[in-house]
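To start, the structure itself, in structure tokens.
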Amino acid sequence: LPLVLLTNPKLFPVSLGLFQWSTRQTQFPQYTPLVITGSLLAVLPLVVAFLVLNRQWRKGLAAGSVK
């Protein structure tokens, strides 16, 4: 979807860049560590947000089940 909607390559999300690198791994094997490292860096903010907001997330689930 970002590839269709965005015209400026500078606005592409990290996931699209990782996808493009992963499709070129057969031609350029040196992209493999870059894709793995990029995937880790792309997921790291989500893991940190989950750990920080875990208490609020659990409270929201408990409050939703009581209503």
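Chain lettering (A, B, ...) mirrors the order of the structure tokens, residue numbering begins at 1 for each chain separately, and ligand numbering begins at 1 in order of display.
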
Show me, as a PyMOL selection string, the residues that have an atom within 8 Å of range 33-44 of chain A when counting only C-alpha atoms, minus same-chain residues fewer than 4 positions from it. chain A and resi 14-15+18+21-22+48

Enumerate, as a ChimeraX atom specification, the complete set of residues in chain A that a backbone-based DSSP assignment places in alpha helix (DSSP H). /A:2-5,14-23,31-52,54-66
